[in-house]
Every structure is written in structure tokens, then in C-alpha cells.
Amino acid sequence: MGVKHNGFQVAVSLKKRSKGVSPATRAVARSMGDIMRDAIREQIPPKSSNTEWDAYAAKGKLKSYVVSSEPTRTATGWKVVVYVPRYKLA
């Protein structure tokens, strides 16, 4: 006795739906990158009595140096990198 299935139709349907889902997941990745970037910025300067951070706190530049990248496609979804650009590390 053979088994009947509609696997082909399911695969076609999923492929059609993935085109509509991709922009939404990219937007979620961008938002998560911004949330992580802002969380890191909130920790600068660290909540301590370390005087090495005083110059940065006064100018406020280090916080603005922390940036998040645009989402890039990976094999399993999207990737966002939160970093300080190398040229800003004087």
C-alpha cells in the first residue's frame, strides 16, 4: 500500500511564503542590532570610579563610536555586527 502525500505542494507553498518573510526577518535583525548597540552604549562609561573614562564621558564620543552593521544574509538567516570601526580607535 502506497503512502499519499502533498509534499511537493507544501514545498512550493513554503518557498512562496519565504519571499514575504525575508524582509520581516531582516528588519528584526536590524532592530536587534540597534538594541544591542544601545545596550553597549549605556555601559560607557562603566559605572565605576575609573578615571580613565572621564575624558570620554566629558566628550561623549566613545558612545557614538559604537555602531551596528546592516544585516547580511547567512546560510541560516541574518547577521548583524556591533563594533567600533578601526579608524575610530585612536
# chains A, B, ... in the order shown; residues from 1 in each chain; ligands from 1

call {"tool": "residues_around", "arguments": {"residues": "A:Arg37", "least_positions_apart": "4", "cutoff": "12 Å", "atoms": "only C-alpha atoms", "output": "MDAnalysis selection string"}}
result
chainID A and resid 30:33 41:44 63:69 80:84

call {"tool": "atom_distance", "arguments": {"atom1": "atom CA of A:Thr72", "atom2": "atom CA of A:Lys16"}}
result
21.3 Å

call {"tool": "residues_around", "arguments": {"residues": "A:Gly77", "least_positions_apart": "4", "cutoff": "10 Å", "atoms": "only C-alpha atoms", "output": "MDAnalysis selection string"}}
result
chainID A and resid 22 25:26 29 71:73
